[in-house]
>>> print(open('protein-v1.pdb').read())   # PDB, C-alpha atoms, pLDDT in the B column
ATOM      1  CA  MET A   1     -13.855  -8.651   7.191  1.00 36.00           C
ATOM      2  CA  ARG A   2     -10.377  -9.786   8.125  1.00 49.00           C
ATOM      3  CA  ARG A   3      -9.763 -11.278   4.673  1.00 51.00           C
ATOM      4  CA  GLY A   4     -10.579  -7.974   3.002  1.00 50.00           C
ATOM      5  CA  THR A   5      -8.403  -6.095   5.465  1.00 59.00           C
ATOM      6  CA  SER A   6      -5.558  -8.555   4.893  1.00 70.00           C
ATOM      7  CA  GLY A   7      -5.773  -8.047   1.129  1.00 75.00           C
ATOM      8  CA  ILE A   8      -5.617  -4.268   1.431  1.00 84.00           C
ATOM      9  CA  THR A   9      -2.741  -4.533   3.910  1.00 83.00           C
ATOM     10  CA  SER A  10      -0.828  -6.803   1.501  1.00 86.00           C
ATOM     11  CA  VAL A  11      -1.156  -4.221  -1.289  1.00 90.00           C
ATOM     12  CA  VAL A  12       0.008  -1.426   1.052  1.00 91.00           C
ATOM     13  CA  ILE A  13       3.011  -3.529   2.124  1.00 91.00           C
ATOM     14  CA  VAL A  14       4.032  -4.262  -1.478  1.00 92.00           C
ATOM     15  CA  VAL A  15       3.745  -0.606  -2.528  1.00 94.00           C
ATOM     16  CA  GLY A  16       5.619   0.509   0.588  1.00 93.00           C
ATOM     17  CA  MET A  17       8.439  -1.968  -0.047  1.00 94.00           C
ATOM     18  CA  ALA A  18       8.694  -0.900  -3.697  1.00 95.00           C
ATOM     19  CA  SER A  19       8.869   2.760  -2.663  1.00 95.00           C
ATOM     20  CA  MET A  20      11.539   1.928  -0.101  1.00 94.00           C
ATOM     21  CA  LEU A  21      13.720   0.065  -2.616  1.00 94.00           C
ATOM     22  CA  ALA A  22      13.302   2.827  -5.212  1.00 94.00           C
ATOM     23  CA  ALA A  23      14.378   5.461  -2.683  1.00 93.00           C
ATOM     24  CA  VAL A  24      17.412   3.544  -1.431  1.00 93.00           C
ATOM     25  CA  VAL A  25      18.917   2.534  -4.794  1.00 92.00           C
ATOM     26  CA  THR A  26      18.302   5.728  -6.793  1.00 91.00           C
ATOM     27  CA  ASP A  27      20.203   9.021  -6.863  1.00 88.00           C
ATOM     28  CA  HIS A  28      17.463  11.651  -6.984  1.00 89.00           C
ATOM     29  CA  TRP A  29      17.017  12.567  -3.330  1.00 91.00           C
ATOM     30  CA  ALA A  30      18.088  16.173  -3.867  1.00 88.00           C
ATOM     31  CA  VAL A  31      19.052  18.353  -6.822  1.00 87.00           C
ATOM     32  CA  LEU A  32      21.655  21.085  -6.304  1.00 85.00           C
ATOM     33  CA  SER A  33      22.212  24.075  -8.527  1.00 83.00           C
ATOM     34  CA  PRO A  34      25.059  26.638  -8.686  1.00 80.00           C
ATOM     35  CA  ARG A  35      24.654  30.232  -9.759  1.00 75.00           C
ATOM     36  CA  VAL A  36      24.564  30.911 -13.501  1.00 73.00           C
ATOM     37  CA  GLU A  37      27.106  33.637 -14.229  1.00 67.00           C
ATOM     38  CA  LYS A  38      26.355  34.092 -17.939  1.00 68.00           C
ATOM     39  CA  LEU A  39      24.150  32.751 -20.712  1.00 69.00           C
ATOM     40  CA  ASN A  40      25.245  30.641 -23.697  1.00 68.00           C
ATOM     41  CA  ALA A  41      27.623  28.782 -21.382  1.00 72.00           C
ATOM     42  CA  THR A  42      27.795  25.431 -19.606  1.00 78.00           C
ATOM     43  CA  CYS A  43      27.011  25.038 -15.913  1.00 80.00           C
ATOM     44  CA  GLU A  44      27.040  21.961 -13.650  1.00 81.00           C
ATOM     45  CA  ALA A  45      23.981  20.900 -11.679  1.00 82.00           C
ATOM     46  CA  ALA A  46      24.068  17.865  -9.401  1.00 84.00           C
ATOM     47  CA  HIS A  47      21.739  15.273  -7.960  1.00 85.00           C
ATOM     48  CA  PHE A  48      22.594  12.656  -5.360  1.00 84.00           C
ATOM     49  CA  GLY A  49      21.252   9.868  -3.191  1.00 86.00           C
ATOM     50  CA  LEU A  50      22.546   7.730  -0.367  1.00 87.00           C
ATOM     51  CA  TRP A  51      25.445   6.221  -2.277  1.00 85.00           C
ATOM     52  CA  ARG A  52      26.684   8.478  -5.075  1.00 83.00           C
ATOM     53  CA  LEU A  53      26.741  11.941  -6.619  1.00 82.00           C
ATOM     54  CA  CYS A  54      25.914  12.702 -10.265  1.00 85.00           C
ATOM     55  CA  LYS A  55      26.940  15.940 -11.948  1.00 85.00           C
ATOM     56  CA  LYS A  56      25.360  17.081 -15.191  1.00 84.00           C
ATOM     57  CA  SER A  57      26.764  19.679 -17.590  1.00 83.00           C
ATOM     58  CA  ILE A  58      23.902  21.784 -18.920  1.00 80.00           C
ATOM     59  CA  PHE A  59      24.185  24.409 -21.649  1.00 77.00           C
ATOM     60  CA  ILE A  60      22.166  27.456 -20.584  1.00 72.00           C
ATOM     61  CA  VAL A  61      20.629  29.491 -23.402  1.00 66.00           C
ATOM     62  CA  GLU A  62      18.130  31.586 -21.460  1.00 64.00           C
ATOM     63  CA  ALA A  63      17.789  32.577 -17.829  1.00 59.00           C
ATOM     64  CA  ASP A  64      15.479  30.686 -15.503  1.00 58.00           C
ATOM     65  CA  PRO A  65      12.505  32.984 -14.725  1.00 53.00           C
ATOM     66  CA  LEU A  66      12.076  31.370 -11.306  1.00 55.00           C
ATOM     67  CA  GLY A  67      15.643  31.812 -10.138  1.00 57.00           C
ATOM     68  CA  LYS A  68      19.288  32.183 -11.035  1.00 59.00           C
ATOM     69  CA  GLY A  69      20.357  28.588 -10.722  1.00 67.00           C
ATOM     70  CA  CYS A  70      21.615  26.060 -13.256  1.00 75.00           C
ATOM     71  CA  GLY A  71      18.978  23.785 -14.674  1.00 68.00           C
ATOM     72  CA  PRO A  72      16.476  22.315 -14.627  1.00 72.00           C
ATOM     73  CA  ILE A  73      18.191  18.957 -14.270  1.00 75.00           C
ATOM     74  CA  SER A  74      15.891  17.474 -16.939  1.00 75.00           C
ATOM     75  CA  LEU A  75      17.692  19.422 -19.688  1.00 75.00           C
ATOM     76  CA  PRO A  76      20.024  17.347 -21.887  1.00 75.00           C
ATOM     77  CA  GLY A  77      23.686  17.211 -21.006  1.00 75.00           C
ATOM     78  CA  ALA A  78      26.651  14.975 -20.222  1.00 76.00           C
ATOM     79  CA  GLU A  79      26.326  13.245 -16.860  1.00 79.00           C
ATOM     80  CA  ASN A  80      29.100  11.851 -14.658  1.00 82.00           C
ATOM     81  CA  CYS A  81      28.377   9.815 -11.504  1.00 81.00           C
ATOM     82  CA  SER A  82      30.773   8.733  -8.759  1.00 77.00           C
ATOM     83  CA  TYR A  83      30.330   6.897  -5.462  1.00 76.00           C
ATOM     84  CA  PHE A  84      31.094   8.650  -2.208  1.00 70.00           C
ATOM     85  CA  LYS A  85      34.559   8.268  -0.751  1.00 64.00           C
ATOM     86  CA  HIS A  86      33.453   6.103   2.172  1.00 53.00           C
ATOM     87  CA  PHE A  87      32.579   3.452  -0.441  1.00 51.00           C
ATOM     88  CA  THR A  88      35.100   4.074  -3.247  1.00 48.00           C
ATOM     89  CA  SER A  89      37.921   6.501  -3.795  1.00 49.00           C
ATOM     90  CA  GLY A  90      37.960   9.287  -6.320  1.00 49.00           C
ATOM     91  CA  GLU A  91      38.552  12.996  -6.698  1.00 50.00           C
ATOM     92  CA  GLU A  92      34.881  13.812  -7.252  1.00 51.00           C
ATOM     93  CA  ALA A  93      33.849  11.855  -4.181  1.00 48.00           C
ATOM     94  CA  GLU A  94      36.547  13.538  -2.115  1.00 48.00           C
ATOM     95  CA  VAL A  95      35.269  17.014  -3.002  1.00 51.00           C
ATOM     96  CA  PHE A  96      31.717  15.969  -2.213  1.00 53.00           C
ATOM     97  CA  GLU A  97      32.766  14.494   1.119  1.00 48.00           C
ATOM     98  CA  VAL A  98      34.260  17.811   2.254  1.00 50.00           C
ATOM     99  CA  LYS A  99      31.143  19.733   1.244  1.00 50.00           C
ATOM    100  CA  THR A 100      28.489  17.537   2.815  1.00 51.00           C
ATOM    101  CA  GLN A 101      29.834  16.582   6.247  1.00 56.00           C
ATOM    102  CA  LYS A 102      30.859  12.941   5.970  1.00 62.00           C
ATOM    103  CA  GLU A 103      29.090  11.862   9.148  1.00 67.00           C
ATOM    104  CA  TYR A 104      25.712  12.920   7.724  1.00 76.00           C
ATOM    105  CA  ASN A 105      26.033  10.762   4.602  1.00 75.00           C
ATOM    106  CA  ILE A 106      27.330   7.725   6.465  1.00 79.00           C
ATOM    107  CA  SER A 107      24.539   8.014   9.039  1.00 85.00           C
ATOM    108  CA  ALA A 108      21.795   8.325   6.422  1.00 88.00           C
ATOM    109  CA  ALA A 109      23.094   5.315   4.474  1.00 87.00           C
ATOM    110  CA  ALA A 110      23.532   3.176   7.601  1.00 89.00           C
ATOM    111  CA  ILE A 111      20.024   3.961   8.865  1.00 92.00           C
ATOM    112  CA  ALA A 112      18.597   3.104   5.438  1.00 93.00           C
ATOM    113  CA  ILE A 113      20.343  -0.290   5.615  1.00 93.00           C
ATOM    114  CA  PHE A 114      18.705  -0.944   8.994  1.00 94.00           C
ATOM    115  CA  SER A 115      15.389  -0.019   7.411  1.00 94.00           C
ATOM    116  CA  LEU A 116      15.931  -2.605   4.674  1.00 94.00           C
ATOM    117  CA  LEU A 117      16.828  -5.261   7.256  1.00 95.00           C
ATOM    118  CA  PHE A 118      13.652  -4.598   9.244  1.00 95.00           C
ATOM    119  CA  MET A 119      11.645  -4.753   6.028  1.00 94.00           C
ATOM    120  CA  ILE A 120      13.177  -8.123   5.112  1.00 94.00           C
ATOM    121  CA  LEU A 121      12.448  -9.517   8.584  1.00 94.00           C
ATOM    122  CA  GLY A 122       8.860  -8.303   8.364  1.00 93.00           C
ATOM    123  CA  THR A 123       8.443  -9.931   4.965  1.00 92.00           C
ATOM    124  CA  LEU A 124       9.791 -13.259   6.245  1.00 92.00           C
ATOM    125  CA  CYS A 125       7.370 -13.166   9.176  1.00 90.00           C
ATOM    126  CA  VAL A 126       4.444 -12.526   6.835  1.00 88.00           C
ATOM    127  CA  VAL A 127       5.473 -15.387   4.532  1.00 87.00           C
ATOM    128  CA  PHE A 128       5.867 -17.858   7.402  1.00 86.00           C
ATOM    129  CA  SER A 129       2.540 -16.759   8.922  1.00 82.00           C
ATOM    130  CA  PHE A 130       0.686 -18.427   6.022  1.00 79.00           C
ATOM    131  CA  GLY A 131       1.096 -21.786   7.756  1.00 70.00           C
ATOM    132  CA  LYS A 132      -1.695 -23.154   9.921  1.00 71.00           C
ATOM    133  CA  GLY A 133      -1.630 -21.782  13.450  1.00 71.00           C
ATOM    134  CA  ARG A 134       1.099 -19.227  12.708  1.00 74.00           C
ATOM    135  CA  ASP A 135      -0.960 -16.054  12.867  1.00 77.00           C
ATOM    136  CA  TYR A 136       1.106 -14.960  15.852  1.00 81.00           C
ATOM    137  CA  LEU A 137       3.934 -14.109  13.399  1.00 85.00           C
ATOM    138  CA  LEU A 138       1.887 -11.165  12.146  1.00 87.00           C
ATOM    139  CA  ARG A 139       2.624  -9.298  15.376  1.00 89.00           C
ATOM    140  CA  PRO A 140       6.424  -9.208  14.965  1.00 90.00           C
ATOM    141  CA  ALA A 141       5.876  -8.560  11.246  1.00 91.00           C
ATOM    142  CA  GLY A 142       3.865  -5.452  12.077  1.00 92.00           C
ATOM    143  CA  MET A 143       6.556  -4.254  14.470  1.00 93.00           C
ATOM    144  CA  PHE A 144       9.322  -4.860  11.908  1.00 94.00           C
ATOM    145  CA  PHE A 145       7.469  -2.890   9.219  1.00 95.00           C
ATOM    146  CA  ALA A 146       6.823  -0.059  11.665  1.00 94.00           C
ATOM    147  CA  PHE A 147      10.519   0.006  12.617  1.00 95.00           C
ATOM    148  CA  ALA A 148      11.442   0.063   8.911  1.00 95.00           C
ATOM    149  CA  GLY A 149       9.209   3.092   8.395  1.00 94.00           C
ATOM    150  CA  LEU A 150      10.705   4.905  11.377  1.00 95.00           C
ATOM    151  CA  CYS A 151      14.254   4.225  10.176  1.00 95.00           C
ATOM    152  CA  ILE A 152      13.630   5.527   6.660  1.00 95.00           C
ATOM    153  CA  ILE A 153      12.064   8.758   7.932  1.00 94.00           C
ATOM    154  CA  ILE A 154      15.088   9.271  10.192  1.00 94.00           C
ATOM    155  CA  SER A 155      17.315   8.772   7.150  1.00 93.00           C
ATOM    156  CA  VAL A 156      15.201  11.344   5.297  1.00 93.00           C
ATOM    157  CA  GLU A 157      15.702  13.876   8.076  1.00 93.00           C
ATOM    158  CA  VAL A 158      19.471  13.252   8.170  1.00 91.00           C
ATOM    159  CA  MET A 159      19.681  13.846   4.419  1.00 89.00           C
ATOM    160  CA  ARG A 160      17.573  16.981   4.744  1.00 89.00           C
ATOM    161  CA  GLN A 161      19.958  18.361   7.350  1.00 88.00           C
ATOM    162  CA  SER A 162      22.895  17.473   5.103  1.00 84.00           C
ATOM    163  CA  VAL A 163      21.437  19.420   2.181  1.00 85.00           C
ATOM    164  CA  LYS A 164      20.615  22.363   4.427  1.00 84.00           C
ATOM    165  CA  ARG A 165      24.188  22.522   5.720  1.00 82.00           C
ATOM    166  CA  MET A 166      25.536  22.414   2.169  1.00 79.00           C
ATOM    167  CA  ILE A 167      23.358  25.305   1.048  1.00 79.00           C
ATOM    168  CA  ASP A 168      24.147  27.371   4.142  1.00 78.00           C
ATOM    169  CA  SER A 169      27.905  26.774   3.929  1.00 73.00           C
ATOM    170  CA  ASP A 170      30.105  29.453   2.365  1.00 70.00           C
ATOM    171  CA  GLU A 171      32.443  26.764   1.018  1.00 69.00           C
ATOM    172  CA  THR A 172      29.956  25.343  -1.473  1.00 70.00           C
ATOM    173  CA  ILE A 173      28.942  26.604  -4.899  1.00 73.00           C
ATOM    174  CA  TRP A 174      25.322  25.521  -4.507  1.00 74.00           C
ATOM    175  CA  ILE A 175      22.745  28.308  -4.108  1.00 77.00           C
ATOM    176  CA  GLU A 176      19.510  26.458  -4.869  1.00 81.00           C
ATOM    177  CA  TYR A 177      18.114  23.004  -4.175  1.00 85.00           C
ATOM    178  CA  TYR A 178      14.953  20.965  -4.256  1.00 86.00           C
ATOM    179  CA  TYR A 179      14.030  17.441  -3.241  1.00 90.00           C
ATOM    180  CA  SER A 180      13.316  15.063  -6.095  1.00 90.00           C
ATOM    181  CA  TRP A 181      11.326  11.862  -6.644  1.00 92.00           C
ATOM    182  CA  SER A 182      13.619   9.532  -4.652  1.00 93.00           C
ATOM    183  CA  PHE A 183      12.997  11.719  -1.603  1.00 93.00           C
ATOM    184  CA  THR A 184       9.250  11.494  -2.270  1.00 94.00           C
ATOM    185  CA  CYS A 185       9.482   7.692  -2.494  1.00 95.00           C
ATOM    186  CA  ALA A 186      11.217   7.594   0.892  1.00 95.00           C
ATOM    187  CA  CYS A 187       8.497   9.709   2.513  1.00 95.00           C
ATOM    188  CA  ALA A 188       5.772   7.591   0.881  1.00 95.00           C
ATOM    189  CA  SER A 189       7.396   4.368   2.095  1.00 95.00           C
ATOM    190  CA  PHE A 190       7.432   5.736   5.645  1.00 95.00           C
ATOM    191  CA  THR A 191       3.684   6.372   5.564  1.00 95.00           C
ATOM    192  CA  LEU A 192       2.823   3.060   3.905  1.00 95.00           C
ATOM    193  CA  LEU A 193       5.044   0.915   6.121  1.00 94.00           C
ATOM    194  CA  ILE A 194       3.735   2.545   9.300  1.00 95.00           C
ATOM    195  CA  LEU A 195       0.148   1.962   8.141  1.00 93.00           C
ATOM    196  CA  SER A 196       0.867  -1.656   7.189  1.00 92.00           C
ATOM    197  CA  GLY A 197       2.596  -2.273  10.528  1.00 91.00           C
ATOM    198  CA  VAL A 198      -0.367  -0.951  12.494  1.00 91.00           C
ATOM    199  CA  SER A 199      -2.772  -2.941  10.304  1.00 89.00           C
ATOM    200  CA  LEU A 200      -0.881  -6.189  10.901  1.00 88.00           C
ATOM    201  CA  LEU A 201      -0.939  -5.603  14.633  1.00 86.00           C
ATOM    202  CA  LEU A 202      -4.694  -5.023  14.527  1.00 85.00           C
ATOM    203  CA  ILE A 203      -5.289  -8.096  12.365  1.00 82.00           C
ATOM    204  CA  SER A 204      -3.257 -10.283  14.714  1.00 77.00           C
ATOM    205  CA  MET A 205      -5.274  -9.247  17.758  1.00 74.00           C
ATOM    206  CA  PRO A 206      -7.564 -11.969  19.143  1.00 66.00           C
ATOM    207  CA  HIS A 207     -11.207 -11.923  18.071  1.00 59.00           C
ATOM    208  CA  MET A 208     -13.421 -10.066  20.522  1.00 55.00           C
ATOM    209  CA  PRO A 209     -16.809 -11.711  21.190  1.00 54.00           C
ATOM    210  CA  ARG A 210     -19.790  -9.833  19.791  1.00 55.00           C
ATOM    211  CA  ASN A 211     -21.895 -10.616  22.867  1.00 57.00           C
ATOM    212  CA  PRO A 212     -20.704 -10.907  26.471  1.00 53.00           C
ATOM    213  CA  TRP A 213     -22.159 -14.419  26.766  1.00 53.00           C
ATOM    214  CA  GLU A 214     -20.336 -15.866  23.705  1.00 51.00           C
ATOM    215  CA  THR A 215     -17.333 -16.886  25.768  1.00 52.00           C
ATOM    216  CA  CYS A 216     -19.524 -18.604  28.374  1.00 50.00           C
ATOM    217  CA  MET A 217     -21.558 -20.445  25.753  1.00 51.00           C
ATOM    218  CA  ASP A 218     -18.412 -21.687  23.952  1.00 52.00           C
ATOM    219  CA  ALA A 219     -16.917 -23.061  27.174  1.00 48.00           C
ATOM    220  CA  GLU A 220     -16.991 -26.826  27.682  1.00 51.00           C
ATOM    221  CA  PRO A 221     -19.497 -27.974  30.333  1.00 51.00           C
ATOM    222  CA  ASP A 222     -18.170 -29.403  33.565  1.00 46.00           C
ATOM    223  CA  THR A 223     -18.495 -33.172  33.912  1.00 46.00           C
ATOM    224  CA  LEU A 224     -19.603 -34.813  37.130  1.00 43.00           C
ATOM    225  CA  GLU A 225     -17.559 -37.719  38.331  1.00 46.00           C
TER     226      GLU A 225
END
>>> encode(input="protein-v1.pdb", output="structure tokens")
Amino acid sequence: MRRGTSGITSVVIVVGMASMLAAVVTDHWAVLSPRVEKLNATCEAAHFGLWRLCKKSIFIVEADPLGKGCGPISLPGAENCSYFKHFTSGEEAEVFEVKTQKEYNISAAAIAIFSLLFMILGTLCVVFSFGKGRDYLLRPAGMFFAFAGLCIIISVEVMRQSVKRMIDSDETIWIEYYYSWSFTCACASFTLLILSGVSLLLISMPHMPRNPWETCMDAEPDTLE
């Protein structure tokens, strides 16, 4: 039973780690759209992640029946990406920094880094637990994976608040937004890493005897001197 559970847990861990890495390194957490003033003209939509902002010039031929924003972002157009100012300098990054509240972006990125560190520590514990008599390493591994999941969901919430403040601010041009596939990967990694952490903790628990007398029968008999 434990071997089957361990195999399923290993698959969940791998998928959770892949989702985590995809969320952290990609730039499709949220897509922002400005108002379209007129048709047969170019507008700029944007998508961003933890580290950089990408703006895309889209030529609008017909109005969006679901709203008045620029897009969808999947339409062809010239794209220009730049890292945020707290990593590199640049005019585009400077404008973005003013619009998004710098402390939100720094906090989300820093928490995501902690999540990656916990994930690496959990992976090392799992690898070293393969040795004979090292099953006890599964307990810290489970805790590290659970901490990684908690950190990434906190980063998700910080980014969500950042987007909300941008949309609500009168200083921004964005009127519409939606969360994209990088955001979904982050939420999926939270669920998978929490599940894998709990599973590792359960697997590492000592075996409970099926019958109350198993422990007594396994005990060594006393010897008379």
>>> resolve_selection(input="protein-v1.pdb", expression="the PyMOL selection byres ((chain A and resi 109) around 10)", output="PyMOL selection string")
chain A and resi 24+49-51+104-108+110-115+152+155-156+158-159
>>> resolve_selection(input="protein-v1.pdb", expression="the PyMOL selection byres ((chain A and resi 19) around 7)", output="list in words")
Val15, Gly16, Met17, Ala18, Met20, Leu21, Ala22, Ala23, Cys185, Ala186, Ala188 and Ser189 of chain A
>>> closest_residue(input="protein-v1.pdb", among="A:Cys187, A:Ala46, A:Val12, A:Ala141", to="Leu202 in chain A", atoms="only C-alpha atoms")
A:Ala141
>>> resolve_selection(input="protein-v1.pdb", expression="the PyMOL selection byres ((chain A and resi 161-169) around 9)", output="PDB file with C-alpha atoms, keeping the file's coordinate frame")
ATOM      1  CA  ALA A  30      18.088  16.173  -3.867  1.00 88.00           C
ATOM      2  CA  LEU A  32      21.655  21.085  -6.304  1.00 85.00           C
ATOM      3  CA  LYS A  99      31.143  19.733   1.244  1.00 50.00           C
ATOM      4  CA  THR A 100      28.489  17.537   2.815  1.00 51.00           C
ATOM      5  CA  GLN A 101      29.834  16.582   6.247  1.00 56.00           C
ATOM      6  CA  TYR A 104      25.712  12.920   7.724  1.00 76.00           C
ATOM      7  CA  ASN A 105      26.033  10.762   4.602  1.00 75.00           C
ATOM      8  CA  VAL A 156      15.201  11.344   5.297  1.00 93.00           C
ATOM      9  CA  GLU A 157      15.702  13.876   8.076  1.00 93.00           C
ATOM     10  CA  VAL A 158      19.471  13.252   8.170  1.00 91.00           C
ATOM     11  CA  MET A 159      19.681  13.846   4.419  1.00 89.00           C
ATOM     12  CA  ARG A 160      17.573  16.981   4.744  1.00 89.00           C
ATOM     13  CA  ASP A 170      30.105  29.453   2.365  1.00 70.00           C
ATOM     14  CA  GLU A 171      32.443  26.764   1.018  1.00 69.00           C
ATOM     15  CA  THR A 172      29.956  25.343  -1.473  1.00 70.00           C
ATOM     16  CA  ILE A 173      28.942  26.604  -4.899  1.00 73.00           C
ATOM     17  CA  TRP A 174      25.322  25.521  -4.507  1.00 74.00           C
ATOM     18  CA  ILE A 175      22.745  28.308  -4.108  1.00 77.00           C
ATOM     19  CA  GLU A 176      19.510  26.458  -4.869  1.00 81.00           C
ATOM     20  CA  TYR A 177      18.114  23.004  -4.175  1.00 85.00           C
TER      21      TYR A 177
END
>>> closest_residue(input="protein-v1.pdb", among="A:Gly142, A:Cys54, A:Pro72, A:Leu150", to="Gly197 in chain A", atoms="all atoms listed in the file")
A:Gly142
>>> atom_distance(input="protein-v1.pdb", atom1="CA of Ser182 in chain A", atom2="CA of Leu53 in chain A")
13.5 Å
>>> atom_distance(input="protein-v1.pdb", atom1="CA of Pro76 in chain A", atom2="CA of Ile60 in chain A")
10.4 Å
>>> atom_distance(input="protein-v1.pdb", atom1="CA of Leu195 in chain A", atom2="CA of Tyr178 in chain A")
27.1 Å
>>> closest_residue(input="protein-v1.pdb", among="A:Tyr179, A:Phe84, A:Phe130, A:Phe190", to="Ala146 in chain A", atoms="all atoms listed in the file")
A:Phe190
>>> residues_around(input="protein-v1.pdb", residues="Asp135 in chain A", least_positions_apart="2", cutoff="12 Å", atoms="only C-alpha atoms", output="list in words")
Ser6, Cys125, Val126, Val127, Phe128, Ser129, Phe130, Gly131, Lys132, Gly133, Leu137, Leu138, Arg139, Pro140, Ala141, Gly142, Leu200, Leu201, Leu202, Ile203, Ser204, Met205 and Pro206 of chain A
